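Q: Got a structure for you, structure_29.cif, holding mmCIF, C-alpha atoms and all ligand atoms.
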data_final
#
loop_
_atom_site.group_PDB
_atom_site.id
_atom_site.type_symbol
_atom_site.label_atom_id
_atom_site.label_comp_id
_atom_site.auth_asym_id
_atom_site.auth_seq_id
_atom_site.Cartn_x
_atom_site.Cartn_y
_atom_site.Cartn_z
ATOM 1 C CA MET A 14 -18.381 1.344 -15.296
ATOM 2 C CA ARG A 15 -18.103 -0.852 -18.349
ATOM 3 C CA LEU A 16 -18.146 0.847 -21.773
ATOM 4 C CA ASN A 17 -18.885 -1.713 -24.485
ATOM 5 C CA SER A 18 -16.363 -4.404 -23.563
ATOM 6 C CA ILE A 19 -13.922 -2.202 -21.612
ATOM 7 C CA LYS A 20 -13.903 -1.967 -17.831
ATOM 8 C CA LEU A 21 -13.078 1.675 -17.093
ATOM 9 C CA GLU A 22 -10.927 2.142 -14.024
ATOM 10 C CA THR A 23 -9.089 5.412 -14.536
ATOM 11 C CA PHE A 24 -10.858 8.683 -15.199
ATOM 12 C CA PRO A 25 -11.257 10.806 -17.201
ATOM 13 C CA TRP A 26 -11.294 8.251 -19.981
ATOM 14 C CA GLN A 27 -11.222 9.077 -23.663
ATOM 15 C CA GLY A 28 -12.091 7.083 -26.752
ATOM 16 C CA THR A 29 -13.216 7.464 -30.345
ATOM 17 C CA TYR A 30 -16.699 6.203 -31.271
ATOM 18 C CA PHE A 31 -18.910 6.392 -34.347
ATOM 19 C CA GLU A 32 -22.144 8.338 -34.129
ATOM 20 C CA SER A 33 -23.969 5.620 -36.069
ATOM 21 C CA VAL A 34 -22.993 2.870 -33.634
ATOM 22 C CA PRO A 35 -24.654 3.106 -30.207
ATOM 23 C CA VAL A 36 -22.412 2.530 -27.180
ATOM 24 C CA GLU A 37 -23.328 0.294 -24.297
ATOM 25 C CA LEU A 38 -22.800 1.391 -20.690
ATOM 26 C CA GLN A 39 -23.007 -0.996 -17.776
ATOM 27 C CA PRO A 40 -22.687 0.194 -14.191
ATOM 28 C CA LEU A 41 -20.349 -1.858 -11.959
ATOM 29 C CA PRO A 42 -21.233 -1.109 -8.343
ATOM 30 C CA ALA A 43 -18.396 -1.181 -5.827
ATOM 31 C CA PRO A 44 -18.879 -3.798 -3.112
ATOM 32 C CA GLY A 45 -21.383 -2.467 -0.608
ATOM 33 C CA TYR A 46 -23.284 -0.484 -3.249
ATOM 34 C CA ARG A 47 -26.027 -1.248 -5.734
ATOM 35 C CA PHE A 48 -27.080 0.426 -8.953
ATOM 36 C CA ALA A 49 -29.945 2.892 -8.386
ATOM 37 C CA GLY A 50 -30.762 4.081 -11.908
ATOM 38 C CA TRP A 51 -29.600 6.388 -14.677
ATOM 39 C CA ALA A 52 -29.956 10.170 -14.624
ATOM 40 C CA GLY A 53 -29.848 12.363 -17.721
ATOM 41 C CA VAL A 54 -31.458 9.928 -20.183
ATOM 42 C CA GLU A 55 -35.064 9.135 -20.936
ATOM 43 C CA ASN A 56 -36.557 5.654 -20.902
ATOM 44 C CA ALA A 57 -33.478 4.130 -19.306
ATOM 45 C CA ASP A 58 -35.221 1.298 -17.511
ATOM 46 C CA SER A 59 -32.584 -1.340 -17.907
ATOM 47 C CA THR A 60 -29.272 -1.674 -16.086
ATOM 48 C CA VAL A 61 -27.339 -1.814 -19.352
ATOM 49 C CA LEU A 62 -27.806 1.454 -21.178
ATOM 50 C CA THR A 63 -27.495 1.573 -24.955
ATOM 51 C CA THR A 64 -27.270 5.082 -26.260
ATOM 52 C CA ALA A 65 -26.529 6.699 -29.585
ATOM 53 C CA LEU A 66 -23.991 9.508 -29.729
ATOM 54 C CA PRO A 67 -25.637 12.500 -31.404
ATOM 55 C CA GLU A 68 -23.486 14.536 -33.760
ATOM 56 C CA ASP A 69 -22.133 17.851 -32.437
ATOM 57 C CA GLN A 70 -24.009 17.517 -29.208
ATOM 58 C CA GLU A 71 -22.850 16.820 -25.692
ATOM 59 C CA ILE A 72 -24.760 14.375 -23.551
ATOM 60 C CA THR A 73 -24.354 13.738 -19.851
ATOM 61 C CA VAL A 74 -25.456 10.456 -18.367
ATOM 62 C CA THR A 75 -25.024 9.733 -14.683
ATOM 63 C CA ALA A 76 -25.074 6.286 -13.100
ATOM 64 C CA MET A 77 -26.450 6.500 -9.583
ATOM 65 C CA PHE A 78 -25.479 4.081 -6.819
ATOM 66 C CA GLU A 79 -26.778 3.622 -3.313
ATOM 67 C CA PRO A 80 -25.516 1.721 -0.281
ATOM 68 C CA ASP A 81 -26.616 -1.898 -0.292
ATOM 69 C CA PRO A 82 -27.130 -2.961 3.331
ATOM 70 C CA GLY A 83 -27.265 -6.606 2.276
ATOM 71 C CA ALA A 84 -23.752 -6.432 0.886
ATOM 72 C CA ILE A 85 -22.010 -5.389 4.094
ATOM 73 C CA ASN A 86 -19.204 -7.786 4.957
ATOM 74 C CA ALA A 87 -19.635 -9.899 1.821
ATOM 75 C CA ILE A 88 -15.954 -10.922 1.907
ATOM 76 C CA VAL A 89 -14.361 -11.687 5.262
ATOM 77 C CA ILE A 90 -11.001 -12.929 6.534
ATOM 78 C CA THR A 91 -11.832 -16.260 8.181
ATOM 79 C CA GLU A 92 -8.490 -17.971 8.865
ATOM 80 C CA ILE A 93 -4.866 -16.902 9.363
ATOM 81 C CA ASN A 94 -1.668 -18.963 9.328
ATOM 82 C CA TYR A 95 0.954 -16.486 10.545
ATOM 83 C CA HIS A 96 3.545 -18.746 12.236
ATOM 84 C CA ALA A 97 3.830 -22.405 11.303
ATOM 85 C CA PRO A 98 6.707 -24.546 12.677
ATOM 86 C CA ASP A 99 9.795 -24.753 10.454
ATOM 87 C CA ALA A 100 9.401 -28.522 10.088
ATOM 88 C CA ALA A 101 6.049 -28.178 8.280
ATOM 89 C CA ASP A 102 5.772 -24.657 6.963
ATOM 90 C CA PRO A 103 3.382 -24.000 4.068
ATOM 91 C CA GLY A 104 4.282 -20.292 4.219
ATOM 92 C CA ASP A 105 2.037 -17.664 5.764
ATOM 93 C CA TRP A 106 -1.486 -17.764 4.336
ATOM 94 C CA VAL A 107 -4.872 -16.145 4.839
ATOM 95 C CA GLU A 108 -8.312 -17.512 3.997
ATOM 96 C CA LEU A 109 -11.099 -15.338 2.574
ATOM 97 C CA HIS A 110 -14.773 -16.323 2.524
ATOM 98 C CA ASN A 111 -17.672 -15.076 0.401
ATOM 99 C CA GLY A 112 -20.696 -14.962 2.708
ATOM 100 C CA TRP A 113 -22.868 -13.451 0.000
ATOM 101 C CA ASN A 114 -25.213 -15.298 -2.367
ATOM 102 C CA VAL A 115 -23.559 -14.137 -5.604
ATOM 103 C CA PRO A 116 -20.004 -14.657 -6.890
ATOM 104 C CA ILE A 117 -17.644 -11.833 -5.859
ATOM 105 C CA ASP A 118 -15.000 -10.720 -8.346
ATOM 106 C CA LEU A 119 -11.750 -9.780 -6.587
ATOM 107 C CA SER A 120 -10.026 -8.501 -9.753
ATOM 108 C CA GLY A 121 -7.907 -5.518 -8.768
ATOM 109 C CA TRP A 122 -8.549 -5.921 -5.039
ATOM 110 C CA VAL A 123 -5.536 -5.362 -2.793
ATOM 111 C CA PHE A 124 -4.277 -7.173 0.312
ATOM 112 C CA LYS A 125 -1.872 -5.423 2.723
ATOM 113 C CA ASP A 126 -0.579 -5.942 6.223
ATOM 114 C CA ASP A 127 0.156 -3.028 8.562
ATOM 115 C CA GLN A 128 2.698 -1.548 6.141
ATOM 116 C CA GLU A 129 1.603 0.352 3.049
ATOM 117 C CA ALA A 130 4.561 -0.977 1.041
ATOM 118 C CA HIS A 131 3.437 -4.562 1.682
ATOM 119 C CA HIS A 132 0.996 -4.890 -1.137
ATOM 120 C CA PHE A 133 -0.554 -7.702 -3.164
ATOM 121 C CA GLN A 134 -3.022 -7.137 -6.001
ATOM 122 C CA PHE A 135 -5.411 -9.919 -7.031
ATOM 123 C CA GLN A 136 -5.232 -10.968 -10.667
ATOM 124 C CA GLU A 137 -8.028 -10.312 -13.143
ATOM 125 C CA GLY A 138 -10.567 -13.079 -12.996
ATOM 126 C CA THR A 139 -10.114 -13.995 -9.312
ATOM 127 C CA VAL A 140 -13.615 -14.915 -8.163
ATOM 128 C CA ILE A 141 -14.994 -16.461 -4.970
ATOM 129 C CA GLU A 142 -18.205 -18.382 -5.485
ATOM 130 C CA PRO A 143 -21.163 -17.915 -3.096
ATOM 131 C CA GLY A 144 -20.262 -19.541 0.225
ATOM 132 C CA GLY A 145 -16.790 -20.308 -1.160
ATOM 133 C CA TYR A 146 -13.291 -19.904 0.251
ATOM 134 C CA LEU A 147 -9.990 -18.711 -1.204
ATOM 135 C CA ALA A 148 -6.544 -19.234 0.289
ATOM 136 C CA LEU A 149 -4.170 -16.332 -0.235
ATOM 137 C CA CYS A 150 -0.593 -17.631 0.018
ATOM 138 C CA SER A 151 2.840 -16.111 0.529
ATOM 139 C CA ASP A 152 4.456 -19.172 -1.068
ATOM 140 C CA LYS A 153 2.029 -21.003 -3.309
ATOM 141 C CA ALA A 154 4.479 -23.795 -4.192
ATOM 142 C CA ARG A 155 5.060 -24.699 -0.529
ATOM 143 C CA PHE A 156 1.367 -24.301 0.233
ATOM 144 C CA GLU A 157 0.447 -26.741 -2.545
ATOM 145 C CA LEU A 158 2.972 -29.287 -1.255
ATOM 146 C CA GLN A 159 1.183 -29.342 2.101
ATOM 147 C CA PHE A 160 -2.347 -28.941 0.717
ATOM 148 C CA PRO A 161 -2.410 -30.673 -2.696
ATOM 149 C CA ASN A 162 -6.215 -30.871 -2.631
ATOM 150 C CA VAL A 163 -6.855 -27.168 -2.079
ATOM 151 C CA ASN A 164 -7.170 -25.696 -5.546
ATOM 152 C CA GLN A 165 -8.740 -22.394 -4.551
ATOM 153 C CA CYS A 166 -5.471 -20.624 -3.798
ATOM 154 C CA VAL A 167 -3.704 -17.539 -5.144
ATOM 155 C CA GLY A 168 -0.362 -15.878 -4.468
ATOM 156 C CA ASP A 169 2.316 -15.083 -3.767
ATOM 157 C CA PHE A 170 1.862 -12.069 -1.559
ATOM 158 C CA PRO A 171 5.397 -10.662 -1.230
ATOM 159 C CA PHE A 172 5.634 -10.210 2.535
ATOM 160 C CA ARG A 173 5.277 -12.156 5.789
ATOM 161 C CA LEU A 174 2.639 -11.966 8.492
ATOM 162 C CA GLY A 175 4.075 -10.888 11.838
ATOM 163 C CA ASN A 176 4.752 -13.736 14.270
ATOM 164 C CA ALA A 177 3.848 -11.502 17.227
ATOM 165 C CA GLY A 178 0.854 -9.818 15.591
ATOM 166 C CA ASP A 179 -0.058 -7.887 12.479
ATOM 167 C CA THR A 180 -2.911 -6.038 10.811
ATOM 168 C CA LEU A 181 -4.398 -7.642 7.710
ATOM 169 C CA ARG A 182 -6.298 -5.340 5.382
ATOM 170 C CA LEU A 183 -8.364 -6.068 2.305
ATOM 171 C CA PHE A 184 -9.364 -3.334 -0.159
ATOM 172 C CA ASP A 185 -11.714 -3.525 -3.125
ATOM 173 C CA PHE A 186 -10.647 -2.240 -6.567
ATOM 174 C CA THR A 187 -11.829 1.287 -5.734
ATOM 175 C CA GLY A 188 -9.591 1.347 -2.644
ATOM 176 C CA VAL A 189 -12.397 1.011 -0.089
ATOM 177 C CA GLU A 190 -11.375 -1.114 2.890
ATOM 178 C CA VAL A 191 -13.558 -4.213 2.898
ATOM 179 C CA ASP A 192 -12.221 -6.095 5.897
ATOM 180 C CA THR A 193 -9.472 -5.817 8.491
ATOM 181 C CA VAL A 194 -8.191 -8.002 11.331
ATOM 182 C CA SER A 195 -5.510 -6.976 13.874
ATOM 183 C CA TYR A 196 -4.379 -10.168 15.586
ATOM 184 C CA LYS A 197 -1.849 -10.769 18.339
ATOM 185 C CA ASP A 198 -0.005 -13.888 19.522
ATOM 186 C CA SER A 199 -1.045 -13.287 23.155
ATOM 187 C CA ALA A 200 -4.292 -13.287 25.179
ATOM 188 C CA PRO A 201 -7.096 -12.501 24.632
ATOM 189 C CA TRP A 202 -6.101 -13.922 21.236
ATOM 190 C CA PRO A 203 -5.650 -17.704 21.023
ATOM 191 C CA VAL A 204 -1.924 -18.397 21.536
ATOM 192 C CA GLU A 205 -1.780 -21.889 20.017
ATOM 193 C CA PRO A 206 -1.474 -20.667 16.395
ATOM 194 C CA ASP A 207 1.857 -19.071 17.315
ATOM 195 C CA GLY A 208 4.256 -21.775 16.176
ATOM 196 C CA SER A 209 2.233 -24.996 16.523
ATOM 197 C CA GLY A 210 0.859 -25.312 12.993
ATOM 198 C CA ARG A 211 -2.722 -24.759 14.120
ATOM 199 C CA THR A 212 -4.274 -21.659 12.616
ATOM 200 C CA LEU A 213 -6.259 -18.700 13.868
ATOM 201 C CA SER A 214 -9.785 -19.705 12.882
ATOM 202 C CA LEU A 215 -12.889 -17.541 12.978
ATOM 203 C CA ARG A 216 -15.497 -19.484 14.969
ATOM 204 C CA ASP A 217 -18.472 -18.236 12.965
ATOM 205 C CA VAL A 218 -18.064 -16.801 9.457
ATOM 206 C CA ALA A 219 -20.865 -14.330 10.226
ATOM 207 C CA GLY A 220 -19.164 -13.294 13.482
ATOM 208 C CA GLU A 221 -17.321 -10.037 14.136
ATOM 209 C CA ASN A 222 -13.802 -10.888 13.018
ATOM 210 C CA SER A 223 -12.193 -7.772 14.517
ATOM 211 C CA ALA A 224 -12.793 -9.149 18.040
ATOM 212 C CA ALA A 225 -10.310 -11.589 19.621
ATOM 213 C CA ALA A 226 -13.161 -13.567 21.221
ATOM 214 C CA SER A 227 -14.478 -14.458 17.761
ATOM 215 C CA TRP A 228 -11.326 -16.504 17.034
ATOM 216 C CA THR A 229 -10.039 -19.862 18.196
ATOM 217 C CA ALA A 230 -7.236 -22.273 17.266
ATOM 218 C CA SER A 231 -8.086 -24.758 14.522
ATOM 219 C CA VAL A 232 -8.825 -28.323 15.642
ATOM 220 C CA SER A 233 -6.955 -29.647 12.619
ATOM 221 C CA ALA A 234 -3.174 -29.624 13.155
ATOM 222 C CA THR A 235 -2.629 -27.523 10.022
ATOM 223 C CA GLY A 236 -5.888 -25.590 9.724
ATOM 224 C CA THR A 237 -8.640 -25.814 7.118
ATOM 225 C CA PRO A 238 -7.680 -23.702 4.094
ATOM 226 C CA GLY A 239 -10.360 -23.608 1.405
ATOM 227 C CA LYS A 240 -13.106 -25.043 3.572
ATOM 228 C CA ALA A 241 -15.266 -24.301 6.617
ATOM 229 C CA ASN A 242 -13.410 -23.830 9.895
ATOM 230 C CA ASP A 243 -13.497 -26.563 12.512
ATOM 231 C CA GLY A 244 -13.061 -24.571 15.743
ATOM 232 C CA PRO A 245 -15.787 -24.831 18.385
ATOM 233 C CA PRO A 246 -18.473 -22.151 18.226
ATOM 234 C CA LEU A 247 -18.404 -19.486 20.917
ATOM 235 C CA GLU A 248 -21.775 -20.039 22.532
ATOM 236 C CA SER A 249 -23.074 -23.120 24.299
ATOM 237 C CA GLN A 250 -26.640 -24.272 23.717
ATOM 238 C CA ASN A 251 -27.988 -22.471 26.761
ATOM 239 C CA SER A 252 -26.378 -19.099 26.360
ATOM 240 C CA LEU A 253 -28.133 -15.909 25.442
ATOM 241 C CA ARG A 254 -27.932 -14.979 21.793
ATOM 242 C CA PHE A 255 -29.809 -13.025 19.169
ATOM 243 C CA THR A 256 -31.493 -15.471 16.832
ATOM 244 C CA SER A 257 -31.712 -12.994 13.990
ATOM 245 C CA VAL A 258 -30.172 -9.679 13.045
ATOM 246 C CA SER A 259 -31.372 -8.021 9.864
ATOM 247 C CA VAL A 260 -30.888 -4.694 8.141
ATOM 248 C CA ALA A 261 -33.786 -3.334 6.050
ATOM 249 C CA PRO A 262 -33.176 -1.336 2.844
ATOM 250 C CA ASP A 263 -33.897 1.867 4.802
ATOM 251 C CA GLY A 264 -31.160 0.938 7.284
ATOM 252 C CA VAL A 265 -33.366 -0.082 10.221
ATOM 253 C CA VAL A 266 -31.790 -2.916 12.223
ATOM 254 C CA THR A 267 -34.079 -5.574 13.705
ATOM 255 C CA LEU A 268 -32.818 -7.954 16.407
ATOM 256 C CA MET A 269 -34.676 -10.950 17.823
ATOM 257 C CA LEU A 270 -33.872 -12.221 21.317
ATOM 258 C CA PRO A 271 -35.479 -15.369 22.777
ATOM 259 C CA THR A 272 -36.372 -14.749 26.434
ATOM 260 C CA THR A 273 -37.338 -16.692 29.524
ATOM 261 C CA ALA A 274 -40.505 -15.508 31.289
ATOM 262 C CA GLY A 275 -39.761 -13.249 34.255
ATOM 263 C CA CYS A 276 -36.037 -12.799 33.485
ATOM 264 C CA ARG A 277 -34.754 -9.265 33.078
ATOM 265 C CA TYR A 278 -32.634 -8.417 30.068
ATOM 266 C CA SER A 279 -30.552 -5.421 29.170
ATOM 267 C CA VAL A 280 -29.602 -4.854 25.540
ATOM 268 C CA GLN A 281 -26.522 -2.706 25.060
ATOM 269 C CA LYS A 282 -24.810 -1.234 22.032
ATOM 270 C CA SER A 283 -21.326 -0.084 21.159
ATOM 271 C CA ALA A 284 -19.455 1.442 18.230
ATOM 272 C CA ASP A 285 -16.047 0.022 19.185
ATOM 273 C CA LEU A 286 -16.568 -2.983 21.540
ATOM 274 C CA ALA A 287 -14.833 -0.922 24.262
ATOM 275 C CA THR A 288 -17.597 1.292 25.623
ATOM 276 C CA TRP A 289 -21.120 -0.082 25.901
ATOM 277 C CA MET A 290 -24.279 1.976 26.254
ATOM 278 C CA ASP A 291 -27.429 0.649 27.928
ATOM 279 C CA TRP A 292 -30.031 0.783 25.214
ATOM 280 C CA ARG A 293 -33.166 -1.224 26.124
ATOM 281 C CA GLN A 294 -34.439 -3.071 29.180
ATOM 282 C CA VAL A 295 -37.150 -5.711 29.058
ATOM 283 C CA VAL A 296 -38.697 -8.324 31.283
ATOM 284 C CA GLY A 297 -38.882 -11.582 29.368
ATOM 285 C CA SER A 298 -42.268 -12.913 28.309
ATOM 286 C CA GLY A 299 -41.059 -16.382 27.350
ATOM 287 C CA GLU A 300 -41.435 -15.373 23.704
ATOM 288 C CA ASP A 301 -38.985 -13.744 21.275
ATOM 289 C CA GLU A 302 -38.533 -10.041 21.969
ATOM 290 C CA GLN A 303 -37.971 -7.752 18.992
ATOM 291 C CA PHE A 304 -35.740 -4.664 19.056
ATOM 292 C CA LYS A 305 -35.476 -2.059 16.312
ATOM 293 C CA ASP A 306 -32.691 0.458 15.842
ATOM 294 C CA ASP A 307 -32.340 3.359 13.428
ATOM 295 C CA VAL A 308 -30.205 3.809 10.336
ATOM 296 C CA VAL A 309 -26.873 2.011 10.012
ATOM 297 C CA PHE A 310 -24.375 3.802 7.825
ATOM 298 C CA LEU A 311 -22.282 1.909 5.371
ATOM 299 C CA HIS A 312 -18.795 0.931 6.477
ATOM 300 C CA SER A 313 -19.538 1.887 10.047
ATOM 301 C CA HIS A 314 -19.787 -0.753 12.728
ATOM 302 C CA ARG A 315 -22.298 -1.170 15.461
ATOM 303 C CA PHE A 316 -22.304 -3.985 17.984
ATOM 304 C CA TYR A 317 -25.130 -5.240 20.179
ATOM 305 C CA ARG A 318 -25.104 -7.518 23.170
ATOM 306 C CA ALA A 319 -27.747 -8.805 25.524
ATOM 307 C CA VAL A 320 -27.112 -9.289 29.242
ATOM 308 C CA GLU A 321 -29.324 -11.116 31.688
ATOM 309 C CA SER A 322 -29.746 -8.918 34.760
ATOM 310 C CA GLU A 323 -31.064 -9.709 38.251
HETATM 311 CA CA CA B 1 4.946 -15.215 9.914
HETATM 312 CA CA CA B 2 -11.003 -22.558 6.798
#
Can you turn what I pasted into structure tokens?
A:
Amino acid sequence: MRLNSIKLETFPWQGTYFESVPVELQPLPAPGYRFAGWAGVENADSTVLTTALPEDQEITVTAMFEPDPGAINAIVITEINYHAPDAADPGDWVELHNGWNVPIDLSGWVFKDDQEAHHFQFQEGTVIEPGGYLALCSDKARFELQFPNVNQCVGDFPFRLGNAGDTLRLFDFTGVEVDTVSYKDSAPWPVEPDGSGRTLSLRDVAGENSAAASWTASVSATGTPGKANDGPPLESQNSLRFTSVSVAPDGVVTLMLPTTAGCRYSVQKSADLATWMDWRQVVGSGEDEQFKDDVVFLHSHRFYRAVESE
């Protein structure tokens, strides 16, 4: 919540205001939420609420927020440099990507590895533009020596990323976990980033970055901080894949699967990528088949896969 020009972050908050000067309240939704209206005031149509403070009278105004399905996974970890060779070491770094169509303000967000004490807070005014990338460095000076043309970088985070594996966690300013990746230096994770200079690179920025199969080694010898990854995509031209996955405001998920006439398909779903449940079976018509699933809850995961059966 913003009160006049002040961003309120600790509550309760107290201040002295004049009854003749209206105050201005602006809701600041946490990532993953959107503003849903004011309660307790009349004629509050606009997002920014200007209200007078009546003398000797208490007023209660409530800002209401609702989950915003379109905002899920707005910021994702897309690249990790956890073990560069000593001869050319820019320090451990992590790349973040804004997959959303509005700038995302990371002020007050926190980055941690698997240890609570390992903690880095983003400075006020750290913003990633729509489609943009940000390199988060453990040693910005060394990073800039190796990558003088990458100006979207911040640091230093005061810890190192494990050379055998680690868990990277990103939290928004309210403390909600926004993204997490637990990588390893052994299969099924790509092993090349362990000491060669190549980085762990997410194949598809819209892919599920908690799964090892979504990652590859960078083609570039030192990775691609601040720009799109260069690793090969997971699927070949001919493989089976959903051409669209969308979440409606009411939470209904719609998947589109191109089919070949006469082929049998099984669509399965999972909450953890470990156990898969058979969900739908269809015989292909040669056209796109549409599948609908019920409400998705915010900050929960659900995975779908399609399998061609005999
Ligand atoms: Ca390391
Ligand atoms: Ca990159």
Q: List all protein, DNA and RNA residues that have any atom at most 9 Å from ligand CA 1 (chain B), counting all atoms listed in the file, and write the list as a ChimeraX atom specification.
A: /A:94-97,104-106,172-178,207
Q: Which residue is closest to Ser199 of chain A? Choose from A:Leu181, A:Ala225, A:Met14, A:Ala65 and count only C-alpha atoms.
A: A:Ala225
Q: For the file shown, what are the residues hit by the PyMOL selection byres (((chain A and resi 18) around 10) and not hetatm), laid out as a list of chain:residue names?
A: A:Arg15, A:Leu16, A:Asn17, A:Ile19, A:Lys20, A:Leu21, A:Val36, A:Glu37, A:Leu38, A:Gln39
Q: At most 10 Å is the cut-off: for each residue in chain A with any atom that close to an atom of ligand CA 2 (chain B), write down the nearest atom pair and the distance in Å rounded to one decimal, counting all atoms listed in the file, chain first then increasing number, as CSV.
A:
residue,atom,partner,partner_atom,distance
A:Ile90,CA,B:CA2,CA,9.6
A:Thr91,CA,B:CA2,CA,6.5
A:Glu92,CA,B:CA2,CA,5.6
A:Ile93,CA,B:CA2,CA,8.7
A:Val107,CA,B:CA2,CA,9.1
A:Glu108,CA,B:CA2,CA,6.4
A:Leu109,CA,B:CA2,CA,8.4
A:His110,CA,B:CA2,CA,8.4
A:Tyr146,CA,B:CA2,CA,7.4
A:Leu147,CA,B:CA2,CA,8.9
A:Ala148,CA,B:CA2,CA,8.6
A:Thr212,CA,B:CA2,CA,8.9
A:Leu213,CA,B:CA2,CA,9.3
A:Ser214,CA,B:CA2,CA,6.8
A:Leu215,CA,B:CA2,CA,8.2
A:Arg216,CA,B:CA2,CA,9.8
A:Val218,CA,B:CA2,CA,9.5
A:Ser231,CA,B:CA2,CA,8.5
A:Gly236,CA,B:CA2,CA,6.6
A:Thr237,CA,B:CA2,CA,4.0
A:Pro238,CA,B:CA2,CA,4.4
A:Gly239,CA,B:CA2,CA,5.5
A:Lys240,CA,B:CA2,CA,4.6
A:Ala241,CA,B:CA2,CA,4.6
A:Asn242,CA,B:CA2,CA,4.1
A:Asp243,CA,B:CA2,CA,7.4
A:Gly244,CA,B:CA2,CA,9.4
Q: I'd like to know which of A:Val123, A:Ala100, A:Leu66, A:Leu270 is closest to Phe186 of chain A, using all atoms listed in the file.
A: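 Among the listed residues, the smallest separation from Phe186 of chain A belongs to A:Val123.
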Q: Run the PyMOL selection byres (((chain A and resi 307) around 9) and not hetatm) against the file shown and list the residues it catches, as an MDAnalysis selection string.
A: chainID A and resid 263:266 305:306 308:309
Q: Report, in Å with one decimal, the straight-line distance from atom CA of Gly275 of chain A to atom CA of Ser298 of chain A.
A: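 A separation of 6.5 Å between them.
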Q: Give me, please, the distance in Å between atom CA of Pro143 of chain A and atom CA of Ala87 of chain A, quoted to one decimal.
A: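 Spanning atom CA of Pro143 of chain A to atom CA of Ala87 of chain A is a straight-line distance of 9.5 Å.
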Q: Assuming the chain letters and numbering stay as they are in my file, what does the PyMOL selection byres (((chain A and resi 116-120) around 9) and not hetatm) actually select? List them as a PyMOL selection string.
A: chain A and resi 44+87-88+111+113-115+121-123+134-145+185-186
Q: Take the residues that were just selected and, keeping C-alpha atoms, output them as a CSV table (one decimal), in the coordinates of the input.
A:
chain,number,residue,atom,x,y,z
A,44,PRO,CA,-18.9,-3.8,-3.1
A,87,ALA,CA,-19.6,-9.9,1.8
A,88,ILE,CA,-16.0,-10.9,1.9
A,111,ASN,CA,-17.7,-15.1,0.4
A,113,TRP,CA,-22.9,-13.5,0.0
A,114,ASN,CA,-25.2,-15.3,-2.4
A,115,VAL,CA,-23.6,-14.1,-5.6
A,121,GLY,CA,-7.9,-5.5,-8.8
A,122,TRP,CA,-8.5,-5.9,-5.0
A,123,VAL,CA,-5.5,-5.4,-2.8
A,134,GLN,CA,-3.0,-7.1,-6.0
A,135,PHE,CA,-5.4,-9.9,-7.0
A,136,GLN,CA,-5.2,-11.0,-10.7
A,137,GLU,CA,-8.0,-10.3,-13.1
A,138,GLY,CA,-10.6,-13.1,-13.0
A,139,THR,CA,-10.1,-14.0,-9.3
A,140,VAL,CA,-13.6,-14.9,-8.2
A,141,ILE,CA,-15.0,-16.5,-5.0
A,142,GLU,CA,-18.2,-18.4,-5.5
A,143,PRO,CA,-21.2,-17.9,-3.1
A,144,GLY,CA,-20.3,-19.5,0.2
A,145,GLY,CA,-16.8,-20.3,-1.2
A,185,ASP,CA,-11.7,-3.5,-3.1
A,186,PHE,CA,-10.6,-2.2,-6.6
Q: Using atom CA of Thr272 of chain A and atom CA of Val258 of chain A as the two end points, give the distance in Å to one decimal.
A: 15.6 Å
Q: Near Arg155 of chain A, counting all atoms listed in the file, which residues have an atom at most 12 Å away, once you skip same-chain residues fewer than 2 positions from it, shown as a PyMOL selection string?
A: chain A and resi 99+101-106+150-153+157-161+166+168-169
Q: Which one is closest to Val296 of chain A: A:Tyr278, A:Phe156, A:Tyr196, A:Trp26? Count all atoms listed in the file.
A: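 Among A:Tyr278, A:Phe156, A:Tyr196, A:Trp26, it is A:Tyr278 that comes nearest to Val296 of chain A.
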Q: Using all atoms listed in the file, pick whichever of A:Val163, A:Val295, A:Leu62, A:Ala57 has the shortest atom-to-atom distance to Pro35 of chain A.
A: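 For Pro35 of chain A, the nearest of the given residues is A:Leu62.
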Q: Counting all atoms listed in the file, figure out which residue out of A:Ala52, A:Val167, A:Cys276, A:Ala200 gets nearest to Ala226 of chain A.
A: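 Of A:Ala52, A:Val167, A:Cys276, A:Ala200, the one nearest Ala226 of chain A, counting all atoms listed in the file, is A:Ala200.
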Q: Dump C-alpha atoms of segment 272-289 of chain A from the given block, as a PDB file, in the first residue's frame.
A:
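The resulting file, out-v3.pdb, is shown below:
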ATOM      1  CA  THR A 272      -3.142 -34.749 -33.267  1.00  0.00           C
ATOM      2  CA  THR A 273      -2.657 -37.163 -36.131  1.00  0.00           C
ATOM      3  CA  ALA A 274      -5.817 -38.907 -37.364  1.00  0.00           C
ATOM      4  CA  GLY A 275      -6.217 -42.396 -35.907  1.00  0.00           C
ATOM      5  CA  CYS A 276      -3.415 -42.067 -33.318  1.00  0.00           C
ATOM      6  CA  ARG A 277      -4.310 -42.667 -29.692  1.00  0.00           C
ATOM      7  CA  TYR A 278      -3.227 -40.148 -27.094  1.00  0.00           C
ATOM      8  CA  SER A 279      -3.197 -40.203 -23.337  1.00  0.00           C
ATOM      9  CA  VAL A 280      -2.980 -36.921 -21.444  1.00  0.00           C
ATOM     10  CA  GLN A 281      -1.624 -37.247 -17.925  1.00  0.00           C
ATOM     11  CA  LYS A 282      -1.223 -34.836 -15.046  1.00  0.00           C
ATOM     12  CA  SER A 283       0.988 -34.564 -12.002  1.00  0.00           C
ATOM     13  CA  ALA A 284       1.499 -32.274  -9.019  1.00  0.00           C
ATOM     14  CA  ASP A 285       5.186 -33.112  -8.532  1.00  0.00           C
ATOM     15  CA  LEU A 286       6.569 -34.586 -11.813  1.00  0.00           C
ATOM     16  CA  ALA A 287       7.086 -37.870  -9.911  1.00  0.00           C
ATOM     17  CA  THR A 288       3.669 -39.516 -10.000  1.00  0.00           C
ATOM     18  CA  TRP A 289       1.504 -39.154 -13.093  1.00  0.00           C
TER      19      TRP A 289
END
